[in-house]
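J.: data_27.cif is reproduced in full below (mmCIF, C-alpha atoms).
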data_upload
#
loop_
_atom_site.label_atom_id
_atom_site.label_comp_id
_atom_site.auth_asym_id
_atom_site.auth_seq_id
_atom_site.Cartn_x
_atom_site.Cartn_y
_atom_site.Cartn_z
CA MET K 7 -16.83 -38.49 19.68
CA HIS K 8 -13.15 -37.80 19.53
CA PRO K 9 -11.20 -40.08 21.89
CA GLU K 10 -8.88 -37.35 23.25
CA PRO K 11 -9.73 -36.48 26.88
CA LEU K 12 -10.35 -32.81 27.68
CA SER K 13 -7.38 -32.49 30.05
CA VAL K 14 -5.00 -33.63 27.32
CA ILE K 15 -6.47 -31.13 24.87
CA PHE K 16 -6.05 -28.33 27.39
CA LEU K 17 -2.49 -29.26 28.31
CA ASN K 18 -1.59 -29.73 24.68
CA ALA K 19 -2.79 -26.28 23.63
CA ALA K 20 -1.48 -24.45 26.68
CA VAL K 21 1.96 -25.90 27.20
CA VAL K 22 3.17 -28.67 24.92
CA ASN K 23 2.23 -27.05 21.63
CA ASN K 24 2.16 -23.53 23.00
CA PHE K 25 0.64 -21.33 20.32
CA VAL K 26 3.34 -18.70 20.54
CA LEU K 27 6.51 -20.58 21.38
CA ALA K 28 6.03 -23.84 19.52
CA LEU K 29 3.60 -23.07 16.68
CA PHE K 30 4.68 -19.47 16.00
CA LEU K 31 1.18 -18.05 16.07
CA GLY K 32 0.58 -14.53 17.31
CA ILE K 33 4.19 -13.39 17.23
CA CYS K 34 3.28 -9.75 16.48
CA PRO K 35 1.43 -9.02 19.74
CA PHE K 36 3.92 -11.26 21.54
CA LEU K 37 6.76 -8.94 20.56
CA GLY K 38 4.64 -5.79 20.50
CA VAL K 39 2.85 -5.68 23.84
CA SER K 40 5.17 -7.68 26.06
CA ALA K 41 7.12 -4.70 27.42
CA LYS K 42 5.02 -4.40 30.61
CA LYS K 43 3.43 -7.12 32.69
CA GLU K 44 0.16 -5.28 33.21
CA THR K 45 -0.45 -4.62 29.52
CA ALA K 46 0.59 -8.16 28.71
CA TRP K 47 -1.95 -9.54 31.20
CA ASN K 48 -4.80 -7.47 29.77
CA MET K 49 -3.85 -8.30 26.21
CA GLY K 50 -3.77 -11.97 27.16
CA LEU K 51 -7.26 -11.78 28.65
CA ALA K 52 -8.67 -9.91 25.64
CA THR K 53 -7.18 -12.51 23.32
CA LEU K 54 -8.50 -15.34 25.48
CA PHE K 55 -12.00 -13.90 25.29
CA VAL K 56 -11.86 -13.43 21.52
CA MET K 57 -10.55 -16.98 21.20
CA LEU K 58 -13.43 -18.47 23.19
CA VAL K 59 -16.12 -16.57 21.28
CA SER K 60 -14.64 -17.13 17.85
CA SER K 61 -14.01 -20.79 18.61
CA ALA K 62 -17.69 -21.34 19.38
CA ALA K 63 -18.70 -19.30 16.32
CA ALA K 64 -16.28 -21.18 14.09
CA PHE K 65 -17.77 -24.45 15.26
CA GLY K 66 -21.24 -23.26 14.27
CA ILE K 67 -20.09 -21.93 10.92
CA ASN K 68 -18.26 -25.11 10.07
CA TRP K 69 -21.38 -27.15 10.83
CA LEU K 70 -23.55 -24.84 8.74
CA LEU K 71 -21.18 -24.75 5.77
CA THR K 72 -20.81 -28.52 5.85
CA GLU K 73 -24.59 -28.87 5.75
CA LEU K 74 -24.82 -26.42 2.85
CA ASP K 75 -21.78 -27.92 1.09
CA LEU K 76 -20.08 -24.54 0.85
CA LEU K 77 -16.74 -25.39 2.45
CA PHE K 78 -14.74 -23.11 0.16
CA LEU K 79 -16.30 -20.16 1.97
CA ARG K 80 -14.93 -21.33 5.33
CA LEU K 81 -11.88 -19.08 5.48
CA ILE K 82 -13.82 -15.95 4.54
CA CYS K 83 -16.53 -16.67 7.11
CA TYR K 84 -14.03 -17.38 9.88
CA ILE K 85 -12.17 -14.15 9.36
CA ALA K 86 -15.42 -12.17 9.21
CA VAL K 87 -16.56 -13.65 12.52
CA ILE K 88 -13.22 -12.93 14.15
CA ALA K 89 -13.25 -9.35 12.90
CA SER K 90 -16.70 -8.74 14.35
CA THR K 91 -15.78 -10.34 17.69
CA VAL K 92 -12.76 -8.09 17.92
CA GLN K 93 -14.97 -5.11 17.15
CA LEU K 94 -17.24 -6.17 20.01
CA VAL K 95 -14.34 -6.47 22.46
CA GLU K 96 -13.01 -3.12 21.32
CA MET K 97 -16.31 -1.35 22.00
CA PHE K 98 -16.61 -3.12 25.35
CA VAL K 99 -13.10 -2.15 26.48
CA LYS K 100 -13.50 1.43 25.24
CA ARG K 101 -16.73 1.78 27.18
CA PHE K 102 -15.64 0.23 30.47
CA SER K 103 -11.91 0.91 30.67
CA PRO K 104 -10.61 3.84 28.60
CA ALA K 105 -7.18 3.57 30.26
CA LEU K 106 -6.80 -0.02 29.15
CA PHE K 107 -8.04 1.00 25.71
CA ARG K 108 -5.22 3.52 25.42
CA SER K 109 -2.52 1.19 26.72
CA LEU K 110 -3.43 -1.57 24.26
CA GLY K 111 -3.50 0.97 21.44
CA ILE K 112 -3.20 -0.33 17.92
CA PHE K 113 -2.81 -3.89 19.13
CA LEU K 114 -6.46 -4.19 20.07
CA PRO K 115 -7.85 -3.92 16.50
CA LEU K 116 -4.85 -5.93 15.38
CA ILE K 117 -6.18 -8.96 17.29
CA THR K 118 -8.11 -9.47 14.05
CA THR K 119 -4.89 -10.20 12.25
CA ASN K 120 -3.57 -12.24 15.16
CA CYS K 121 -2.95 -15.54 13.48
CA ALA K 122 -3.33 -17.37 16.80
CA ILE K 123 -7.08 -16.83 16.62
CA LEU K 124 -7.57 -17.81 13.01
CA GLY K 125 -5.10 -20.65 13.56
CA LEU K 126 -7.17 -21.88 16.48
CA ALA K 127 -10.32 -21.95 14.35
CA LEU K 128 -8.52 -23.81 11.56
CA PHE K 129 -6.88 -26.35 13.88
CA GLN K 130 -10.06 -27.20 15.74
CA THR K 131 -11.73 -27.79 12.37
CA SER K 132 -8.97 -30.01 11.06
CA LYS K 133 -8.90 -31.96 14.34
CA GLU K 134 -12.68 -32.42 14.16
CA TYR K 135 -13.32 -31.43 17.77
CA ASP K 136 -16.87 -31.23 19.05
CA LEU K 137 -18.17 -28.07 20.70
CA LEU K 138 -16.95 -28.80 24.23
CA GLN K 139 -13.55 -29.94 23.01
CA SER K 140 -13.26 -26.82 20.85
CA LEU K 141 -13.98 -24.58 23.81
CA VAL K 142 -11.44 -26.38 25.99
CA TYR K 143 -8.93 -26.12 23.16
CA ALA K 144 -9.61 -22.38 22.88
CA LEU K 145 -9.25 -21.98 26.64
CA GLY K 146 -5.93 -23.82 26.58
CA ALA K 147 -4.68 -21.75 23.66
CA GLY K 148 -5.67 -18.51 25.38
CA VAL K 149 -4.04 -19.56 28.65
CA GLY K 150 -0.91 -20.57 26.77
CA PHE K 151 -0.84 -17.26 24.93
CA THR K 152 -1.22 -15.31 28.19
CA LEU K 153 1.45 -17.47 29.82
CA ALA K 154 3.95 -16.82 27.03
CA LEU K 155 3.15 -13.10 27.05
CA MET K 156 3.56 -12.84 30.83
CA LEU K 157 6.83 -14.77 30.86
CA MET K 158 8.20 -12.56 28.12
CA ALA K 159 7.01 -9.37 29.85
CA GLY K 160 8.64 -10.47 33.11
CA LEU K 161 11.92 -11.10 31.33
CA ARG K 162 11.79 -7.82 29.47
CA GLU K 163 11.03 -5.81 32.61
CA LYS K 164 14.17 -7.24 34.17
CA LEU K 165 16.08 -6.66 30.97
CA ALA K 166 15.22 -2.97 31.00
CA LEU K 167 17.45 -2.67 34.09
CA ALA K 168 20.34 -4.55 32.56
CA ARG K 169 23.02 -3.10 30.36
CA VAL K 170 22.93 -4.81 27.00
CA PRO K 171 25.33 -4.01 24.16
CA THR K 172 24.03 -1.21 21.96
CA VAL K 173 24.01 -3.42 18.92
CA SER K 174 21.54 -5.89 20.40
CA GLN K 175 19.00 -3.43 21.75
CA GLY K 176 15.38 -3.69 20.64
CA ALA K 177 13.93 -6.45 18.57
CA ALA K 178 17.09 -8.54 18.26
CA MET K 179 17.29 -9.01 22.02
CA SER K 180 13.59 -9.84 22.30
CA LEU K 181 13.94 -12.52 19.64
CA MET K 182 16.92 -14.09 21.41
CA LEU K 183 14.89 -14.16 24.64
CA ALA K 184 11.94 -15.69 22.82
CA GLY K 185 14.30 -18.33 21.45
CA LEU K 186 15.44 -19.24 24.96
CA LEU K 187 11.84 -19.42 26.19
CA SER K 188 10.94 -21.60 23.25
CA LEU K 189 13.89 -23.84 24.05
CA ALA K 190 12.58 -24.19 27.59
CA PHE K 191 9.10 -25.08 26.37
CA MET K 192 10.54 -27.85 24.22
CA GLY K 193 11.12 -29.66 27.50
CA PHE K 194 7.36 -30.30 27.63
CA ALA K 195 7.39 -32.21 24.35
CA GLY K 196 5.84 -35.62 24.72
CA LEU K 197 3.67 -34.68 27.67
CA GLY K 198 0.46 -34.34 25.69
CA GLY K 199 -0.78 -35.68 22.39
CA SER K 200 0.98 -34.89 19.16
CA HIS K 201 -0.02 -31.87 17.14
CA GLY K 202 -2.20 -32.76 14.17
CA MET L 4 -12.94 8.71 -11.02
CA ALA L 5 -11.43 11.83 -9.47
CA GLU L 6 -7.69 11.91 -10.04
CA LEU L 7 -5.64 13.69 -7.43
CA PRO L 8 -2.23 13.78 -9.05
CA THR L 9 -0.70 16.05 -6.42
CA GLN L 10 -0.91 13.48 -3.64
CA GLN L 11 0.11 10.44 -5.56
CA GLU L 12 3.56 9.11 -5.84
CA PRO L 13 5.33 9.08 -9.23
CA LEU L 14 6.58 5.72 -10.45
CA THR L 15 10.30 5.47 -9.82
CA LEU L 16 12.78 2.70 -9.20
CA ASP L 17 12.48 3.52 -5.53
CA THR L 18 8.86 2.39 -5.54
CA PHE L 19 10.13 -1.14 -6.04
CA VAL L 20 13.45 -1.12 -4.22
CA ARG L 21 12.02 0.36 -1.01
CA GLY L 22 10.26 -2.89 -0.22
CA LEU L 23 13.46 -4.86 -0.65
CA TRP L 24 15.68 -2.94 1.70
CA GLU L 25 14.68 0.38 3.26
CA GLU L 26 11.19 -0.74 4.28
CA ASN L 27 11.73 -4.47 4.25
CA PRO L 28 8.57 -5.84 5.84
CA VAL L 29 10.36 -8.38 8.00
CA PHE L 30 13.75 -6.98 8.91
CA VAL L 31 12.79 -3.33 9.26
CA MET L 32 9.06 -3.20 9.96
CA LEU L 33 8.84 -6.52 11.85
CA LEU L 34 5.53 -7.46 10.24
CA GLY L 35 4.25 -10.87 9.31
CA MET L 36 6.60 -12.65 11.64
CA CYS L 37 4.54 -15.80 12.12
CA PRO L 38 5.11 -17.42 8.71
CA VAL L 39 8.65 -16.06 8.69
CA LEU L 40 9.47 -18.11 11.75
CA ALA L 41 7.20 -21.07 11.21
CA VAL L 42 7.76 -22.27 7.66
CA THR L 43 11.41 -21.39 7.14
CA ASN L 44 12.81 -24.72 8.27
CA SER L 45 13.79 -25.48 4.69
CA THR L 46 14.64 -23.41 1.63
CA MET L 47 11.90 -24.97 -0.47
CA ASN L 48 9.17 -24.11 2.05
CA ALA L 49 10.51 -20.58 2.30
CA ILE L 50 10.35 -20.08 -1.46
CA ALA L 51 6.85 -21.50 -1.74
CA MET L 52 5.56 -19.42 1.14
CA GLY L 53 7.22 -16.30 -0.26
CA LEU L 54 5.68 -16.79 -3.69
CA ALA L 55 2.23 -17.53 -2.29
CA THR L 56 2.33 -14.43 -0.10
CA THR L 57 3.59 -12.28 -2.98
CA PHE L 58 0.74 -13.49 -5.17
CA VAL L 59 -1.88 -12.64 -2.57
CA LEU L 60 -0.19 -9.33 -1.79
CA VAL L 61 -0.04 -8.20 -5.42
CA CYS L 62 -3.55 -9.36 -6.36
CA SER L 63 -5.27 -7.93 -3.30
CA SER L 64 -3.35 -4.65 -3.54
CA LEU L 65 -4.41 -4.32 -7.17
CA LEU L 66 -8.06 -4.95 -6.37
CA VAL L 67 -7.99 -2.57 -3.41
CA SER L 68 -6.38 0.09 -5.59
CA LEU L 69 -9.00 -0.45 -8.31
CA LEU L 70 -11.85 -0.15 -5.83
CA ARG L 71 -10.31 2.58 -3.70
CA ASN L 72 -12.91 5.18 -4.69
CA TRP L 73 -15.86 2.86 -4.14
CA ILE L 74 -15.11 1.37 -0.74
CA PRO L 75 -16.67 3.48 2.04
CA LYS L 76 -14.19 4.52 4.72
CA GLN L 77 -16.13 2.92 7.59
CA VAL L 78 -16.07 -0.61 6.25
CA ARG L 79 -12.71 -0.52 4.52
CA ILE L 80 -10.85 -2.91 6.85
CA ALA L 81 -13.61 -5.50 6.58
CA SER L 82 -13.63 -5.13 2.78
CA TYR L 83 -9.86 -5.53 2.58
CA ILE L 84 -10.00 -8.65 4.70
CA VAL L 85 -12.69 -10.21 2.52
CA ILE L 86 -10.65 -9.40 -0.61
CA ILE L 87 -7.51 -10.90 0.93
CA ALA L 88 -9.40 -13.99 2.13
CA THR L 89 -10.72 -14.57 -1.40
CA PHE L 90 -7.25 -14.63 -2.91
CA VAL L 91 -5.93 -16.80 -0.10
CA THR L 92 -8.67 -19.33 -0.81
CA ILE L 93 -7.54 -19.35 -4.46
CA VAL L 94 -3.90 -19.92 -3.44
CA ASP L 95 -4.94 -22.58 -0.96
CA TYR L 96 -6.76 -24.62 -3.60
CA GLY L 97 -4.01 -23.87 -6.14
CA ILE L 98 -1.20 -25.26 -4.00
CA GLN L 99 -3.32 -28.27 -3.14
CA ALA L 100 -3.65 -28.94 -6.88
CA ILE L 101 0.03 -28.38 -7.69
CA SER L 102 1.75 -30.32 -4.91
CA LEU L 103 0.09 -32.15 -2.08
CA GLU L 104 3.48 -32.67 -0.42
CA LEU L 105 4.13 -28.94 -0.27
CA TYR L 106 0.62 -28.38 0.99
CA ALA L 107 1.24 -30.75 3.88
CA ALA L 108 4.58 -29.10 4.70
CA LEU L 109 3.14 -25.58 4.84
CA GLY L 110 0.03 -26.77 6.65
CA ALA L 111 -2.29 -24.17 8.11
CA PHE L 112 0.13 -21.40 7.26
CA ILE L 113 -1.22 -21.03 3.73
CA GLN L 114 -4.65 -20.18 5.08
CA LEU L 115 -3.03 -18.03 7.71
CA ILE L 116 -1.75 -15.70 4.97
CA VAL L 117 -5.09 -13.97 5.61
CA ALA L 118 -3.80 -12.86 8.98
CA ASN L 119 -0.47 -11.63 7.61
CA CYS L 120 -0.20 -8.01 8.62
CA VAL L 121 2.11 -7.18 5.70
CA ILE L 122 -0.80 -7.55 3.28
CA LEU L 123 -3.37 -5.64 5.30
CA GLY L 124 -0.73 -3.02 6.01
CA ARG L 125 -0.05 -2.52 2.31
CA ALA L 126 -3.75 -2.29 1.52
CA GLU L 127 -4.34 0.29 4.22
CA ALA L 128 -1.16 2.35 3.91
CA TYR L 129 -0.52 2.26 0.18
CA ALA L 130 -3.01 0.61 -2.16
CA SER L 131 -6.02 2.52 -0.86
CA LYS L 132 -4.39 5.81 -1.85
CA GLU L 133 -2.22 5.20 -4.89
CA ARG L 134 -2.79 4.54 -8.57
CA LEU L 135 -2.87 1.09 -10.09
CA HIS L 136 0.59 0.88 -11.65
CA THR L 137 2.54 2.28 -8.68
CA THR L 138 0.58 -0.07 -6.42
CA PHE L 139 1.54 -3.00 -8.61
CA ILE L 140 5.24 -2.16 -8.53
CA ASN L 141 5.25 -1.32 -4.84
CA SER L 142 3.47 -4.46 -3.73
CA LEU L 143 5.72 -6.52 -5.99
CA GLY L 144 8.71 -4.95 -4.23
CA MET L 145 7.22 -5.70 -0.82
CA GLY L 146 6.51 -9.27 -1.84
CA ALA L 147 10.06 -9.64 -3.10
CA GLY L 148 11.39 -8.21 0.15
CA PHE L 149 9.26 -10.65 2.12
CA THR L 150 10.43 -13.57 -0.01
CA LEU L 151 14.03 -12.43 0.39
CA ALA L 152 13.64 -12.39 4.17
CA LEU L 153 12.05 -15.85 4.20
CA LEU L 154 14.83 -17.12 1.97
CA SER L 155 17.60 -15.69 4.13
CA LEU L 156 16.13 -17.49 7.14
CA GLY L 157 15.28 -20.65 5.26
CA THR L 158 18.74 -21.20 3.78
CA VAL L 159 20.57 -20.58 7.05
CA ARG L 160 18.26 -22.91 8.94
CA GLU L 161 18.42 -25.64 6.33
CA ILE L 162 22.21 -25.48 5.98
CA LEU L 163 22.81 -25.60 9.73
CA GLY L 164 19.87 -27.77 10.72
CA SER L 165 19.96 -30.46 8.04
CA GLY L 166 23.31 -29.84 6.33
CA THR L 167 21.61 -29.51 2.96
CA ILE L 168 20.42 -26.79 0.61
CA LEU L 169 17.27 -27.48 -1.42
CA GLY L 170 17.77 -31.12 -0.42
CA VAL L 171 21.32 -31.34 -1.80
CA PRO L 172 23.88 -32.37 0.87
CA LEU L 173 26.57 -29.75 1.46
CA PHE L 174 28.82 -31.29 4.03
CA PRO L 175 30.75 -34.59 4.30
CA ALA L 176 28.79 -37.46 5.83
CA ASP L 177 30.27 -37.03 9.32
CA PHE L 178 28.68 -33.56 9.73
CA GLN L 179 26.45 -33.43 12.78
CA PRO L 180 23.44 -31.24 11.89
CA TRP L 181 22.36 -28.72 14.52
CA VAL L 182 18.88 -30.09 14.93
CA VAL L 183 17.82 -27.15 17.09
CA MET L 184 17.96 -24.93 14.01
CA ILE L 185 15.00 -26.60 12.32
CA LEU L 186 13.05 -26.74 15.58
CA PRO L 187 11.09 -23.69 16.81
CA PRO L 188 13.87 -22.05 18.89
CA GLY L 189 16.12 -22.00 15.84
CA GLY L 190 13.72 -19.68 14.05
CA PHE L 191 13.92 -17.12 16.83
CA PHE L 192 17.70 -17.41 17.04
CA VAL L 193 18.35 -17.05 13.30
CA LEU L 194 16.01 -14.07 12.92
CA GLY L 195 17.56 -12.49 16.00
CA ALA L 196 21.01 -13.02 14.52
CA TRP L 197 20.01 -11.36 11.23
CA LEU L 198 18.61 -8.38 13.12
CA LEU L 199 21.85 -8.16 15.12
CA LEU L 200 23.80 -8.10 11.89
CA PHE L 201 21.65 -5.31 10.43
CA ASN L 202 21.87 -3.30 13.66
CA TRP L 203 25.61 -3.65 13.59
CA LEU L 204 25.82 -2.50 9.97
CA ARG L 205 23.58 0.45 10.71
CA LEU L 206 25.63 1.45 13.76
CA ARG L 207 28.85 1.20 11.82
CA LYS L 208 27.44 3.35 9.05
CA ALA L 209 26.19 5.90 11.55
CA ARG L 210 29.60 6.07 13.20
CA LYS L 211 31.34 6.69 9.87
CA SER L 212 29.05 9.57 8.90
CA PRO L 213 27.95 11.51 11.98
CA ASP L 214 24.51 12.29 10.62
CA PRO L 215 21.73 12.48 13.22
CA THR L 216 19.11 10.92 10.96
CA GLY L 217 21.31 7.94 10.13
CA ALA L 218 22.01 7.25 13.78
CA ALA L 219 18.47 6.34 14.69
CA ILE L 220 18.43 2.77 15.89
CA HIS L 221 15.34 0.82 15.11
CA ALA L 222 13.82 -0.13 18.42
CA SER L 223 10.56 -1.98 18.37
#
Here is a file; write its structure as structure tokens.
T.:
Amino acid sequence: MHPEPLSVIFLNAAVVNNFVLALFLGICPFLGVSAKKETAWNMGLATLFVMLVSSAAAFGINWLLTELDLLFLRLICYIAVIASTVQLVEMFVKRFSPALFRSLGIFLPLITTNCAILGLALFQTSKEYDLLQSLVYALGAGVGFTLALMLMAGLREKLALARVPTVSQGAAMSLMLAGLLSLAFMGFAGLGGSHG
Amino acid sequence: MAELPTQQEPLTLDTFVRGLWEENPVFVMLLGMCPVLAVTNSTMNAIAMGLATTFVLVCSSLLVSLLRNWIPKQVRIASYIVIIATFVTIVDYGIQAISLELYAALGAFIQLIVANCVILGRAEAYASKERLHTTFINSLGMGAGFTLALLSLGTVREILGSGTILGVPLFPADFQPWVVMILPPGGFFVLGAWLLLFNWLRLRKARKSPDPTGAAIHAS
């Protein structure tokens, strides 16, 4: 049993080592779907769900591959599991909420190449978390991802009303904003455990 | 194999150069941002990451191009991902064998090359349609463009954040390094600054030649 308490794991993944703002994972959807709060919220939830499922699956795979002594296949198996989970979420969303399906657009299948999810699976393996700890870690990471996305979307909605110089419109401005957010999140450093 | 010469691109210098500038994966297409921001806190890391990504990009593009007539349309994305993951595993073990220090510095980001959208994007948009030799040149150009982008971030961040370049001190001893530059916010700021510079250049060019196609500002 790993000595880290669950609350520390959660806080660590959600705030202190925020996946987006401190570890630079999942930057593409962070910049891509953060224009509106509603889309950002839904994207955050979809990612959170994929994270939880793939975290549990990754735990199982890692155990199986360790038993079979086939660890070099780990990366390939992880990405295959993530891709199928995303496929599942995609079918689910398409069936129950076509409007949401349209608003997420290309970014829904692209959750597969969201490095936050693969990163989560790799980190929980290297930290040797047990199943419960892995799930809490995934929950924290998903909450942190949603938090970062919502903060960014809120800022960008306000920014749409402001007059920014022509030269800094678009991605450059978003990156500067992300930098400021990241600077703010550095204030949490030292609250939780260190990142391994 | 059925050759369809009408649809395929001839091999020109542009096949290579496009990846460097016009369609630069980072500065123009804004793809693969995670490693760009995360491992560019020193020049050495940037070079290593760039080379590793280029290797995976070129190898997987070649294999995808070779197999393009055999992979069924429905499972193509899954096949591409498995191909990419195979090469990433090779790189992962390779770097571990070459330098353990480098491996520790790059951390999980070597394995995360799998999730780099530049590579999947190339496989889907180019390698699955084009012939072997144009694919090779094009993906090499893209890899070079990616490495160039990493390098331009890595050098700025290392010079400002540690006052060194490739570990060699640049400034007199009383220089106070801007530590924020090697911390996460610095990555966002430096990339934002580069994009500002490119926007400015593009705007200036558009103003000099009033051409409606040149005036389009890239807005993501």
J.: Quick one: everything within 10 Å of range 135-139 of chain K, counting only C-alpha atoms, minus sequence neighbours fewer than 5 positions away in the same chain. Send it as a count of residues only.
T.: 19
J.: Residues picked by the PyMOL selection byres ((chain L) within 8 of (chain K)) here, as a VMD selection string?
T.: chain L and resid 33 to 38 40 to 41 81 84 to 85 88 to 89 92 111 114 to 115 117 to 120 187 to 192 194 to 196 198 to 199 202 to 203 206 221 to 223
J.: Please enclose the listed atoms of range 187-192 of chain L in an axis-aligned box, pad each side by 5 Å, and write out the centre and the three edge lengths in Å, rounded to one decimal, as AutoDock Vina command-line options.
T.:
--center_x 14.4 --center_y -20.4 --center_z 16.5 --size_x 16.6 --size_y 16.6 --size_z 14.8
J.: To one decimal place, how far is CA of Trp73 in chain L from CA of Asn141 in chain L in Å?
T.: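 According to the coordinates, CA of Trp73 in chain L and CA of Asn141 in chain L are separated by 21.5 Å.
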J.: Assuming the chain letters and numbering stay as they are in my file, what does the PyMOL selection byres ((chain L and resi 29) around 9) actually select? List them as a PyMOL selection string.
T.: chain L and resi 26-28+30-36+39+121+148-149+152-153
J.: When the PyMOL selection byres ((chain L and resi 64) around 7) is applied to the file above, which residues end up in the set, as a PyMOL selection string?
T.: chain L and resi 60-63+65-68+126+130+138+142
J.: Could you turn the residues from that selection into a file that holds C-alpha atoms, as a PDB file, in the frame of the given file?
T.:
ATOM      1  CA  LEU L  60      -0.190  -9.330  -1.790  1.00  0.00           C
ATOM      2  CA  VAL L  61      -0.040  -8.200  -5.420  1.00  0.00           C
ATOM      3  CA  CYS L  62      -3.550  -9.360  -6.360  1.00  0.00           C
ATOM      4  CA  SER L  63      -5.270  -7.930  -3.300  1.00  0.00           C
ATOM      5  CA  LEU L  65      -4.410  -4.320  -7.170  1.00  0.00           C
ATOM      6  CA  LEU L  66      -8.060  -4.950  -6.370  1.00  0.00           C
ATOM      7  CA  VAL L  67      -7.990  -2.570  -3.410  1.00  0.00           C
ATOM      8  CA  SER L  68      -6.380   0.090  -5.590  1.00  0.00           C
ATOM      9  CA  ALA L 126      -3.750  -2.290   1.520  1.00  0.00           C
ATOM     10  CA  ALA L 130      -3.010   0.610  -2.160  1.00  0.00           C
ATOM     11  CA  THR L 138       0.580  -0.070  -6.420  1.00  0.00           C
ATOM     12  CA  SER L 142       3.470  -4.460  -3.730  1.00  0.00           C
TER      13      SER L 142
END
J.: Using all atoms listed in the file, pick whichever of L:Leu204, L:Leu143, L:Leu14, L:Met47 has the shortest atom-to-atom distance to Thr158 in chain L.
T.: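 Comparing L:Leu204, L:Leu143, L:Leu14, L:Met47 against Thr158 in chain L, the winner is L:Met47.
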J.: Please indicate the distance in Å from CA of Leu163 in chain L to CA of Ile185 in chain L, rounded to one decimal place.
T.: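 Atom-to-atom, CA of Leu163 in chain L and CA of Ile185 in chain L are spaced 8.3 Å apart.
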J.: Provide the CA of Ser140 in chain K to CA of Phe25 in chain K distance in Å, to one decimal place.
T.: 15.0 Å
J.: Within 9 Å of (9.6, -12.1, -0.2), in the coordinates the file gives, what residues turn up when you count only C-alpha atoms, written out as a count of residues only?
T.: 21
J.: Set the distance at 9 Å and use only C-alpha atoms: which residues neighbour range 112-114 of chain K once local chain neighbours fewer than 3 positions away are removed? I'd like the list as number ranges by chain.
T.: K: 34-35, 38-39, 49, 52-53, 92, 95-96, 107-109, 117-118
J.: Which residues, written as a list in words, have at least one atom at most 9 Å from Leu69 in chain L, with all atoms listed in the file counted and residues fewer than 6 positions away on the same chain left out?
T.: Ala130, Ser131, Arg134 and Leu135 of chain L
